[in-house]
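Pasting entry-v3.txt here (compact mmCIF, C-alpha atoms):
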# COMPACT_ATOMS: atom_id res chain seq x y z
CA MET S 1 0.00 0.00 0.00
CA GLY S 2 1.31 3.45 -0.71
CA ILE S 3 1.33 6.55 -2.82
CA ALA S 4 0.95 6.42 -6.58
CA ARG S 5 3.45 8.60 -8.39
CA THR S 6 4.86 8.07 -11.86
CA HIS S 7 7.71 9.52 -13.87
CA ASP S 8 6.87 11.58 -16.95
CA GLU S 9 5.66 9.62 -19.92
CA ASP S 10 5.51 10.48 -23.59
CA TYR S 11 1.84 9.72 -24.04
CA GLU S 12 1.83 10.91 -27.59
CA THR S 13 4.19 8.29 -29.07
CA THR S 14 1.85 5.32 -28.68
CA GLU S 15 -1.07 6.32 -30.86
CA PHE S 16 -2.80 3.45 -32.64
CA LYS S 17 -5.50 3.52 -35.24
CA THR S 18 -8.60 1.72 -33.99
CA LEU S 19 -10.50 -0.81 -36.01
CA VAL S 20 -13.17 -1.40 -33.40
CA ALA S 21 -16.66 -1.96 -34.76
CA LEU S 22 -18.72 -0.92 -31.77
CA ALA S 23 -21.95 -1.13 -33.70
CA ALA S 24 -21.77 -4.91 -33.31
CA MET S 25 -22.39 -4.84 -29.58
CA GLU S 26 -21.90 -7.92 -27.48
CA ARG S 27 -25.25 -9.05 -26.16
CA ARG S 28 -26.74 -12.05 -24.51
CA LYS S 29 -28.63 -14.50 -26.65
CA ASP S 30 -31.68 -16.26 -25.35
CA ASN S 31 -29.57 -19.26 -24.37
CA GLY S 32 -27.32 -17.06 -22.21
CA GLU S 33 -24.26 -17.11 -24.47
CA PHE S 34 -22.43 -14.06 -25.70
CA LYS S 35 -21.98 -12.97 -29.26
CA GLY S 36 -19.07 -10.59 -29.54
CA LEU S 37 -17.28 -8.59 -32.14
CA THR S 38 -15.20 -11.71 -32.62
CA SER S 39 -15.19 -15.23 -31.29
CA HIS S 40 -13.01 -15.05 -28.19
CA SER S 41 -12.04 -18.72 -28.34
CA SER S 42 -10.96 -18.44 -31.97
CA ILE S 43 -8.36 -15.75 -31.29
CA VAL S 44 -6.08 -16.91 -28.52
CA ASP S 45 -6.29 -18.36 -25.05
CA LEU S 46 -7.59 -15.36 -23.13
CA GLN S 47 -7.38 -16.91 -19.70
CA ASP S 48 -4.82 -14.37 -18.47
CA LYS S 49 -5.50 -11.47 -20.85
CA LEU S 50 -9.26 -10.87 -20.95
CA VAL S 51 -10.51 -8.28 -18.47
CA CYS S 52 -13.75 -6.38 -17.96
CA VAL S 53 -14.04 -2.65 -17.24
CA THR S 54 -17.30 -1.36 -15.76
CA SER S 55 -18.52 2.10 -16.79
CA GLY S 56 -16.10 1.88 -19.70
CA ALA S 57 -17.65 4.89 -21.44
CA SER S 58 -16.91 7.22 -18.52
CA PHE S 59 -14.02 9.70 -18.50
CA PHE S 60 -11.78 7.47 -16.41
CA GLY S 61 -13.20 4.16 -17.65
CA PHE S 62 -12.33 5.04 -21.24
CA ALA S 63 -8.76 6.03 -20.27
CA LEU S 64 -8.38 2.71 -18.46
CA VAL S 65 -9.64 0.76 -21.49
CA ASN S 66 -7.04 2.48 -23.67
CA ARG S 67 -4.25 1.80 -21.19
CA LEU S 68 -5.19 -1.88 -20.92
CA LEU S 69 -5.18 -2.22 -24.71
CA LEU S 70 -1.69 -0.73 -24.83
CA HIS S 71 -0.57 -3.35 -22.34
CA GLY S 72 -1.84 -6.13 -24.59
CA TYR S 73 -5.08 -6.97 -22.80
CA PHE S 74 -8.35 -7.95 -24.42
CA VAL S 75 -11.01 -5.69 -22.93
CA ARG S 76 -14.71 -6.30 -22.45
CA VAL S 77 -16.37 -2.93 -21.84
CA LEU S 78 -19.43 -3.02 -19.61
CA VAL S 79 -21.98 -0.28 -20.27
CA ALA S 80 -25.41 0.42 -18.84
CA ASN S 81 -27.38 1.67 -21.85
CA GLU S 82 -27.42 2.50 -25.55
CA GLU S 83 -26.30 6.07 -24.82
CA ASP S 84 -22.99 4.75 -23.49
CA VAL S 85 -22.57 2.61 -26.60
CA GLU S 86 -23.07 5.70 -28.75
CA LYS S 87 -20.46 7.58 -26.70
CA LEU S 88 -17.97 4.78 -27.34
CA ARG S 89 -18.83 4.80 -31.03
CA GLU S 90 -18.16 8.55 -31.20
CA MET S 91 -14.82 8.08 -29.46
CA GLU S 92 -13.91 5.35 -31.93
CA ILE S 93 -14.80 7.58 -34.88
CA SER S 94 -12.80 10.49 -33.46
CA GLY S 95 -9.71 8.29 -33.18
CA GLU S 96 -9.51 8.45 -29.38
CA MET S 97 -9.63 4.70 -28.91
CA MET S 98 -6.42 2.69 -29.06
CA GLY S 99 -6.78 -0.96 -30.06
CA CYS S 100 -8.09 -3.29 -32.70
CA LYS S 101 -11.25 -5.18 -33.51
CA SER S 102 -10.03 -8.42 -32.00
CA LYS S 103 -9.18 -6.88 -28.62
CA ILE S 104 -12.32 -5.04 -27.54
CA SER S 105 -15.97 -5.89 -27.16
CA VAL S 106 -18.97 -4.26 -25.52
CA VAL S 107 -21.64 -5.79 -23.31
CA MET S 108 -24.67 -4.29 -21.61
CA ALA S 109 -25.62 -5.25 -18.07
CA LYS S 110 -27.42 -3.60 -15.18
CA SER S 111 -25.60 -3.07 -11.89
CA ASN S 112 -28.63 -4.30 -9.93
CA GLU S 113 -28.68 -7.72 -11.66
CA ILE S 114 -25.99 -10.00 -10.25
CA GLN S 115 -26.70 -12.79 -12.73
CA GLY S 116 -26.28 -10.41 -15.67
CA LEU S 117 -23.01 -9.15 -14.20
CA MET S 118 -21.76 -12.72 -13.78
CA GLU S 119 -22.49 -13.43 -17.43
CA ALA S 120 -20.67 -10.24 -18.41
CA PHE S 121 -17.63 -11.24 -16.32
CA ASP S 122 -17.58 -14.88 -17.45
CA GLY S 123 -14.25 -15.74 -19.04
CA CYS S 124 -12.48 -12.63 -17.68
CA CYS S 125 -9.49 -13.09 -15.40
CA GLY S 126 -10.01 -9.70 -13.82
CA VAL S 127 -12.57 -6.95 -13.32
CA PHE S 128 -11.93 -3.22 -12.96
CA HIS S 129 -14.91 -1.63 -11.25
CA THR S 130 -14.47 2.07 -11.99
CA SER S 131 -17.67 2.91 -10.11
CA SER S 132 -18.56 5.89 -12.30
CA PHE S 133 -21.99 7.40 -11.75
CA ALA S 134 -23.37 10.37 -13.68
CA ASP S 135 -26.11 12.70 -12.58
CA PRO S 136 -29.15 11.62 -14.62
CA ALA S 137 -30.48 15.19 -14.56
CA GLY S 138 -27.30 16.51 -16.16
CA LEU S 139 -26.69 18.86 -13.23
CA SER S 140 -24.04 18.85 -10.54
CA GLY S 141 -26.32 17.14 -8.08
CA TYR S 142 -24.66 13.93 -6.96
CA SER S 143 -27.33 13.20 -4.37
CA LYS S 144 -27.66 11.04 -1.27
CA SER S 145 -29.70 8.56 -3.29
CA MET S 146 -26.88 8.29 -5.81
CA ALA S 147 -24.51 7.51 -2.94
CA GLU S 148 -26.79 4.66 -1.91
CA MET S 149 -26.92 3.44 -5.52
CA GLU S 150 -23.13 3.47 -5.75
CA GLY S 151 -22.81 1.40 -2.60
CA LYS S 152 -25.35 -1.15 -3.82
CA ALA S 153 -23.74 -1.37 -7.26
CA SER S 154 -20.38 -2.05 -5.65
CA GLU S 155 -21.89 -4.81 -3.55
CA ASN S 156 -23.44 -6.47 -6.60
CA VAL S 157 -20.25 -6.21 -8.67
CA MET S 158 -18.18 -7.75 -5.88
CA LYS S 159 -20.65 -10.60 -5.41
CA ALA S 160 -20.69 -11.24 -9.15
CA CYS S 161 -16.87 -11.28 -9.24
CA ALA S 162 -16.69 -13.70 -6.32
CA ARG S 163 -19.23 -16.04 -7.94
CA THR S 164 -17.58 -16.03 -11.38
CA PRO S 165 -14.94 -18.80 -11.44
CA SER S 166 -12.74 -17.17 -14.08
CA VAL S 167 -12.33 -13.89 -12.12
CA LYS S 168 -9.14 -14.05 -10.09
CA HIS S 169 -8.57 -10.37 -9.28
CA CYS S 170 -10.66 -7.23 -8.88
CA VAL S 171 -9.54 -3.59 -8.74
CA LEU S 172 -12.01 -1.02 -7.39
CA THR S 173 -11.68 2.69 -8.09
CA SER S 174 -12.57 4.44 -4.85
CA SER S 175 -11.62 8.03 -4.00
CA LEU S 176 -9.31 10.00 -1.77
CA LEU S 177 -12.54 11.39 -0.33
CA ALA S 178 -13.08 7.99 1.29
CA CYS S 179 -9.95 8.71 3.38
CA ILE S 180 -9.81 12.39 4.33
CA TRP S 181 -13.16 13.43 5.83
CA ARG S 182 -12.52 12.76 9.50
CA ASP S 183 -13.12 14.60 12.77
CA ASN S 184 -9.80 16.40 13.18
CA THR S 185 -10.83 18.72 16.01
CA GLN S 186 -8.52 16.89 18.42
CA TYR S 187 -5.45 17.69 16.32
CA GLU S 188 -3.46 20.93 16.56
CA PHE S 189 -2.29 20.46 12.96
CA PRO S 190 -3.94 18.61 10.05
CA PRO S 191 -3.13 14.90 10.57
CA LEU S 192 -1.30 12.83 8.00
CA VAL S 193 -3.39 10.78 5.59
CA ASN S 194 -2.37 7.31 4.48
CA HIS S 195 -3.96 4.07 3.29
CA ASN S 196 -5.18 3.24 6.80
CA CYS S 197 -7.39 6.34 6.98
CA TRP S 198 -11.15 6.16 6.49
CA SER S 199 -13.63 9.01 6.26
CA ASN S 200 -16.31 9.27 8.89
CA GLU S 201 -19.72 8.39 7.49
CA SER S 202 -21.65 10.55 9.97
CA LEU S 203 -19.45 13.53 9.15
CA CYS S 204 -20.08 13.05 5.44
CA VAL S 205 -23.83 12.98 6.08
CA ASP S 206 -23.73 16.05 8.35
CA LYS S 207 -21.77 18.03 5.75
CA LYS S 208 -23.86 16.61 2.89
CA LEU S 209 -20.74 15.29 1.18
CA TRP S 210 -22.69 12.78 -0.88
CA TYR S 211 -19.88 11.97 -3.33
CA ALA S 212 -17.52 11.18 -0.47
CA LEU S 213 -20.27 9.13 1.16
CA GLY S 214 -20.90 7.16 -2.03
CA LYS S 215 -17.22 6.30 -2.47
CA LEU S 216 -16.92 5.41 1.20
CA LYS S 217 -19.93 3.10 1.09
CA ALA S 218 -18.79 1.52 -2.18
CA GLU S 219 -15.31 0.75 -0.87
CA LYS S 220 -16.38 -0.47 2.55
CA VAL S 221 -18.96 -2.88 1.19
CA ALA S 222 -16.43 -4.09 -1.38
CA TRP S 223 -13.96 -5.01 1.36
CA LYS S 224 -16.74 -6.67 3.36
CA ILE S 225 -17.77 -8.87 0.41
CA ALA S 226 -14.14 -9.59 -0.47
CA GLU S 227 -13.47 -10.87 3.04
CA GLU S 228 -16.66 -12.89 3.26
CA MET S 229 -16.32 -14.47 -0.20
CA SER S 230 -12.51 -14.69 -0.49
CA LEU S 231 -12.28 -12.26 -3.40
CA ASN S 232 -8.80 -10.98 -4.27
CA LEU S 233 -9.47 -7.23 -4.14
CA THR S 234 -7.32 -4.11 -4.29
CA THR S 235 -8.67 -0.55 -4.13
CA ILE S 236 -7.20 2.69 -5.46
CA CYS S 237 -8.20 6.02 -3.91
CA PRO S 238 -7.42 8.84 -6.38
CA GLY S 239 -7.59 12.56 -5.90
CA LEU S 240 -9.67 14.73 -8.22
CA ILE S 241 -9.28 13.18 -11.66
CA THR S 242 -8.00 15.71 -14.18
CA GLY S 243 -6.90 15.63 -17.81
CA HIS S 244 -7.88 17.07 -21.18
CA GLU S 245 -11.30 18.77 -20.88
CA PHE S 246 -11.93 16.89 -17.62
CA SER S 247 -14.53 19.31 -16.26
CA TYR S 248 -16.51 19.07 -19.52
CA ARG S 249 -16.16 15.31 -19.93
CA ASN S 250 -16.59 14.42 -16.26
CA PRO S 251 -18.81 17.16 -14.80
CA THR S 252 -20.75 15.17 -12.19
CA ALA S 253 -17.69 13.75 -10.45
CA THR S 254 -15.63 16.94 -10.79
CA ILE S 255 -18.16 19.28 -9.20
CA ALA S 256 -19.28 16.72 -6.62
CA TYR S 257 -15.66 16.05 -5.61
CA LEU S 258 -15.08 19.75 -4.98
CA LYS S 259 -17.85 20.12 -2.43
CA GLY S 260 -15.84 21.04 0.63
CA ALA S 261 -12.91 22.17 -1.53
CA GLN S 262 -12.14 25.19 0.67
CA GLU S 263 -11.70 22.97 3.72
CA MET S 264 -9.60 20.44 1.78
CA TYR S 265 -7.43 23.26 0.45
CA ALA S 266 -6.98 24.82 3.90
CA ASN S 267 -5.87 21.48 5.32
CA GLY S 268 -3.48 20.66 2.47
CA LEU S 269 -5.67 17.79 1.29
CA LEU S 270 -6.87 18.97 -2.13
CA ALA S 271 -5.00 16.60 -4.45
CA THR S 272 -5.42 15.79 -8.15
CA VAL S 273 -4.25 13.07 -10.53
CA ASP S 274 -4.02 13.00 -14.32
CA VAL S 275 -6.45 10.48 -15.78
CA ARG S 276 -3.74 8.70 -17.81
CA ARG S 277 -1.47 8.28 -14.81
CA LEU S 278 -4.38 6.94 -12.79
CA ALA S 279 -5.12 4.43 -15.54
CA GLU S 280 -1.47 3.34 -15.52
CA ALA S 281 -1.64 2.92 -11.74
CA HIS S 282 -4.61 0.56 -12.12
CA VAL S 283 -2.81 -1.59 -14.66
CA SER S 284 0.34 -1.68 -12.52
CA VAL S 285 -1.58 -2.79 -9.46
CA PHE S 286 -3.47 -5.43 -11.41
CA GLU S 287 -0.22 -6.83 -12.81
CA ALA S 288 1.31 -6.93 -9.34
CA MET S 289 -1.75 -8.69 -7.88
CA LYS S 290 -0.86 -11.70 -10.01
CA THR S 291 2.31 -12.14 -8.00
CA THR S 292 0.70 -11.11 -4.68
CA THR S 293 2.92 -8.03 -4.43
CA ALA S 294 -0.07 -5.67 -4.55
CA PHE S 295 -2.83 -5.76 -1.97
CA GLY S 296 -4.97 -3.51 0.21
CA ARG S 297 -5.53 0.19 -0.51
CA TYR S 298 -3.52 2.76 -2.48
CA ILE S 299 -3.74 6.53 -2.38
CA CYS S 300 -3.09 7.97 -5.86
CA PHE S 301 -2.27 11.59 -6.74
CA ASP S 302 0.33 13.59 -8.66
CA ARG S 303 -0.36 17.14 -7.49
CA ILE S 304 -1.44 18.87 -4.29
CA ILE S 305 -3.05 22.31 -4.55
CA GLN S 306 -1.02 24.26 -1.99
CA CYS S 307 -1.07 27.94 -2.96
CA GLU S 308 -3.23 30.63 -4.54
CA ASP S 309 -1.66 30.30 -7.98
CA GLU S 310 -2.35 26.56 -8.08
CA ALA S 311 -5.89 27.10 -6.83
CA GLU S 312 -6.49 29.74 -9.50
CA LYS S 313 -5.14 27.46 -12.23
CA LEU S 314 -7.42 24.61 -11.15
CA ALA S 315 -10.40 26.96 -10.92
CA ASP S 316 -9.71 28.23 -14.45
CA GLU S 317 -9.54 24.67 -15.77
CA ILE S 318 -12.93 23.92 -14.24
CA GLY S 319 -14.49 27.28 -15.01
CA ILE S 320 -15.38 28.32 -11.46
CA PRO S 321 -14.29 31.33 -9.33
CA ARG S 322 -11.01 30.84 -7.51
CA ASN S 323 -12.56 31.52 -4.11
CA LYS S 324 -14.72 28.42 -4.54
CA ILE S 325 -11.49 26.51 -3.98
CA SER S 326 -9.27 28.73 -1.84
CA GLY S 327 -11.87 30.90 -0.14
CA ASN S 328 -10.27 34.01 1.34
CA SER S 329 -7.01 32.24 2.21
CA SER S 330 -3.79 34.22 2.03
CA ASP S 331 -1.03 33.22 -0.37
CA TYR S 332 0.39 30.58 1.95
CA VAL S 333 1.88 27.23 0.95
CA PHE S 334 0.07 24.61 2.99
CA PRO S 335 1.88 21.52 4.29
CA ASN S 336 1.71 18.20 2.46
CA CYS S 337 -0.45 16.07 4.74
CA PHE S 338 -0.06 12.83 2.80
CA GLU S 339 2.30 10.26 4.24
CA LEU S 340 5.02 9.49 1.72
CA SER S 341 6.86 6.75 3.60
CA ASN S 342 5.60 3.83 1.55
CA LYS S 343 6.38 4.01 -2.18
CA LYS S 344 5.53 0.44 -3.15
CA LEU S 345 3.02 1.46 -5.84
CA ALA S 346 5.47 3.92 -7.41
CA ASN S 347 7.98 1.09 -7.74
CA LEU S 348 5.35 -1.21 -9.26
CA MET S 349 4.43 1.45 -11.81
CA SER S 350 8.06 2.11 -12.76
CA ARG S 351 8.59 -1.58 -13.52
CA THR S 352 5.41 -1.75 -15.58
CA LEU S 353 6.34 1.35 -17.59
CA ARG S 354 9.79 -0.03 -18.37
CA SER S 355 8.18 -3.27 -19.55
CA CYS S 356 5.51 -1.49 -21.61
CA TYR S 357 7.80 0.94 -23.39
CA GLY S 358 10.92 -1.23 -23.58
CA GLU S 359 12.98 0.91 -21.24
CA SER S 360 16.05 -0.55 -19.60

Please rewrite the model in this file as structure tokens.
Amino acid sequence: MGIARTHDEDYETTEFKTLVALAAMERRKDNGEFKGLTSHSSIVDLQDKLVCVTSGASFFGFALVNRLLLHGYFVRVLVANEEDVEKLREMEISGEMMGCKSKISVVMAKSNEIQGLMEAFDGCCGVFHTSSFADPAGLSGYSKSMAEMEGKASENVMKACARTPSVKHCVLTSSLLACIWRDNTQYEFPPLVNHNCWSNESLCVDKKLWYALGKLKAEKVAWKIAEEMSLNLTTICPGLITGHEFSYRNPTATIAYLKGAQEMYANGLLATVDVRRLAEAHVSVFEAMKTTTAFGRYICFDRIIQCEDEAEKLADEIGIPRNKISGNSSDYVFPNCFELSNKKLANLMSRTLRSCYGES
């Protein structure tokens, strides 16, 4: 368990032209079998290379799909509706997707139907549950009911993983918000945050931090199911996910994450992570789980907003007033409150990057 940090990558040198035909969605037939873009068994033995990504059309889910393809995985993208399929099709047409027809397929399943999830996961050696929920009203209102939905969806996904014989490993995308919202009144200074820290559910409710509550519920129930059903689970808790046009492409999570931003900023706990680096962290952890060198929780970030200039830059990227982040704080550099003593994940990621890009 530790802090996710990566060295700089040249993300632009690994562009691939996609040949994915998303129009031929993978669906269940009446007899329960899948029909995919290609016949999985006719390609290669996918026992160790076929994985499933939930919410694969989301901002982070899509980045993770691309990163998995670059690492040679076959990816089954789980979506909830036809709108998500259309989003994937548009991304394919625009050239954003990296891969080929034989390495990606799409399946629809509902998060409240465990049997459907099991059928979607069947044949996959691993599942990445990105736990991405969007506000159905198209506003910023990640509500308390959505937090409950996220917790229940996580429970169902974990149960489906545990009951699917082919699934050996599961990686859950949680949030740094599941770690930092605690009662710190007894401390003279902001306490350090590490992988052993958990947010306080009652505090989240009192402050109406529904996004933090949803991530907290989702992760806690995931660990409960993993322990009860002997599921090999690892969770990653990222800061605010950023990247190209992130506030436009991921508005629900971005605005919901920043509720309480002034307090996070004042305590040196407002951290961000680039979406591509977060995706690489997920792949690195998954690879390490195969050799039992990755386990437990990981905090993942690459930047901490510590001064007015950084707060202003983030506010400009999102399109909100600076004081929504920094309040009326003076130009003071706040302390880094994240414990940096354990760098296991950084080492895992460095090894994976050297392997992926042929570095010595």

Residues near range 235-244 of chain S, cut-off 7 Å, all atoms listed in the file, skip fewer than 4 positions along chain, as a ChimeraX atom specification: /S:171-176,254,257,271-275,296-301

Ranking S:Ala266, S:Ile305, S:Ser284, S:Trp181 by minimum distance to Gly327 in chain S and counting all atoms listed in the file, which one comes first?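 Using all atoms listed in the file, the shortest distance to Gly327 in chain S belongs to S:Ala266.
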
I'd like a table as CSV: residues in range 151-191 of chain S with an atom no more than 7 Å from range 208-214 of chain S, each row giving the shortest atom pair and its distance in Å to one decimal, only C-alpha atoms counted, sorted by chain and rising residue number.
residue,atom,partner,partner_atom,distance
S:Gly151,CA,S:Gly214,CA,6.1
S:Leu177,CA,S:Ala212,CA,5.0
S:Ala178,CA,S:Ala212,CA,5.7

Show which residues sit within 6 Å of range 72-84 of chain S, as a ChimeraX atom specification. Count all atoms listed in the file, and ignore same-chain residues fewer than 5 positions away. /S:49-57,103-110

Between CA of Leu69 in chain S and CA of Ile225 in chain S, distance in Å (one decimal): 28.9 Å

Hey, which of S:Val205, S:Ala120, S:Ala261, S:Cys197 ends up closest to Ser145 in chain S? Count all atoms listed in the file. S:Val205

Would you compute the distance between CA of Met118 in chain S and CA of Thr130 in chain S? Give it in Å to one decimal.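 Computing the Euclidean distance for CA of Met118 in chain S and CA of Thr130 in chain S yields 16.6 Å.
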
How many Å separate CA of His129 in chain S from CA of Leu269 in chain S?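 About the pair CA of His129 in chain S and CA of Leu269 in chain S: they are 24.9 Å apart.
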
Pick from S:Glu92, S:Glu219, S:Glu245, S:Glu201, whichever lies nearest to Glu150 in chain S using only C-alpha atoms: S:Glu219

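Nearest residue to Leu278 in chain S among S:Met146, S:Leu70, S:Ala311, S:Asp302 is S:Asp302, counting only C-alpha atoms.
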
Considering all atoms listed in the file, return as an NGL selection string whatever protein or nucleic-acid residues lie within 12 Å of Asn323 in chain S, sequence-local ones (same chain, fewer than 3 positions apart) excluded. :S and (260-263 or 265-266 or 308-309 or 311-316 or 319-320 or 326-330)

Which residues are close to Met229 in chain S, i.e. within 12 Å by all atoms listed in the file, leaving aside same-chain residues fewer than 5 positions away? Reply as a VMD selection string. chain S and resid 155 158 to 164 221 to 224

Store the residues picked out above, limited to C-alpha atoms, as a tab-separated table (two decimals), keeping the file's coordinate frame.
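Saved result, result.tsv, follows:
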chain	number	residue	atom	x	y	z
S	155	GLU	CA	-21.89	-4.81	-3.55
S	158	MET	CA	-18.18	-7.75	-5.88
S	159	LYS	CA	-20.65	-10.60	-5.41
S	160	ALA	CA	-20.69	-11.24	-9.15
S	161	CYS	CA	-16.87	-11.28	-9.24
S	162	ALA	CA	-16.69	-13.70	-6.32
S	163	ARG	CA	-19.23	-16.04	-7.94
S	164	THR	CA	-17.58	-16.03	-11.38
S	221	VAL	CA	-18.96	-2.88	1.19
S	222	ALA	CA	-16.43	-4.09	-1.38
S	223	TRP	CA	-13.96	-5.01	1.36
S	224	LYS	CA	-16.74	-6.67	3.36

I need range 117-134 of chain S from the structure I supplied, saved as a CSV table (one decimal), in the first residue's frame with N, CA, C and O atoms retained.
chain,number,residue,atom,x,y,z
S,117,LEU,N,-24.4,-9.5,-14.4
S,117,LEU,CA,-23.0,-9.2,-14.2
S,117,LEU,C,-22.1,-10.4,-14.3
S,117,LEU,O,-21.0,-10.3,-14.9
S,118,MET,N,-22.6,-11.5,-13.7
S,118,MET,CA,-21.8,-12.7,-13.8
S,118,MET,C,-21.6,-13.2,-15.2
S,118,MET,O,-20.5,-13.6,-15.6
S,119,GLU,N,-22.6,-13.1,-16.0
S,119,GLU,CA,-22.5,-13.4,-17.4
S,119,GLU,C,-21.6,-12.5,-18.2
S,119,GLU,O,-20.8,-12.9,-19.1
S,120,ALA,N,-21.6,-11.2,-17.8
S,120,ALA,CA,-20.7,-10.2,-18.4
S,120,ALA,C,-19.2,-10.5,-18.0
S,120,ALA,O,-18.3,-10.3,-18.8
S,121,PHE,N,-19.0,-11.0,-16.8
S,121,PHE,CA,-17.6,-11.2,-16.3
S,121,PHE,C,-17.1,-12.6,-16.7
S,121,PHE,O,-15.9,-12.9,-16.6
S,122,ASP,N,-18.0,-13.5,-17.2
S,122,ASP,CA,-17.6,-14.9,-17.4
S,122,ASP,C,-16.5,-14.9,-18.5
S,122,ASP,O,-16.6,-14.3,-19.6
S,123,GLY,N,-15.4,-15.6,-18.1
S,123,GLY,CA,-14.2,-15.7,-19.0
S,123,GLY,C,-13.2,-14.7,-18.8
S,123,GLY,O,-12.0,-14.8,-19.3
S,124,CYS,N,-13.5,-13.7,-18.0
S,124,CYS,CA,-12.5,-12.6,-17.7
S,124,CYS,C,-11.6,-13.0,-16.5
S,124,CYS,O,-12.2,-13.6,-15.5
S,125,CYS,N,-10.4,-12.8,-16.5
S,125,CYS,CA,-9.5,-13.1,-15.4
S,125,CYS,C,-9.5,-12.0,-14.4
S,125,CYS,O,-9.1,-12.2,-13.2
S,126,GLY,N,-10.0,-10.8,-14.8
S,126,GLY,CA,-10.0,-9.7,-13.8
S,126,GLY,C,-11.1,-8.7,-14.2
S,126,GLY,O,-11.6,-8.6,-15.3
S,127,VAL,N,-11.5,-8.0,-13.1
S,127,VAL,CA,-12.6,-7.0,-13.3
S,127,VAL,C,-12.1,-5.6,-12.7
S,127,VAL,O,-11.6,-5.6,-11.6
S,128,PHE,N,-12.2,-4.6,-13.5
S,128,PHE,CA,-11.9,-3.2,-13.0
S,128,PHE,C,-13.3,-2.5,-12.8
S,128,PHE,O,-13.9,-2.2,-13.7
S,129,HIS,N,-13.6,-2.3,-11.5
S,129,HIS,CA,-14.9,-1.6,-11.2
S,129,HIS,C,-14.6,-0.2,-11.0
S,129,HIS,O,-14.2,0.2,-10.0
S,130,THR,N,-14.8,0.7,-12.1
S,130,THR,CA,-14.5,2.1,-12.0
S,130,THR,C,-15.5,2.9,-11.2
S,130,THR,O,-15.3,4.0,-10.9
S,131,SER,N,-16.7,2.3,-11.0
S,131,SER,CA,-17.7,2.9,-10.1
S,131,SER,C,-18.0,4.3,-10.5
S,131,SER,O,-17.9,5.3,-9.7
S,132,SER,N,-18.3,4.5,-11.8
S,132,SER,CA,-18.6,5.9,-12.3
S,132,SER,C,-20.1,6.1,-12.4
S,132,SER,O,-20.7,5.4,-13.2
S,133,PHE,N,-20.6,7.1,-11.7
S,133,PHE,CA,-22.0,7.4,-11.8
S,133,PHE,C,-22.2,8.8,-12.3
S,133,PHE,O,-21.4,9.7,-11.8
S,134,ALA,N,-23.1,9.0,-13.1
S,134,ALA,CA,-23.4,10.4,-13.7
S,134,ALA,C,-24.7,10.8,-13.2
S,134,ALA,O,-25.6,10.0,-13.0
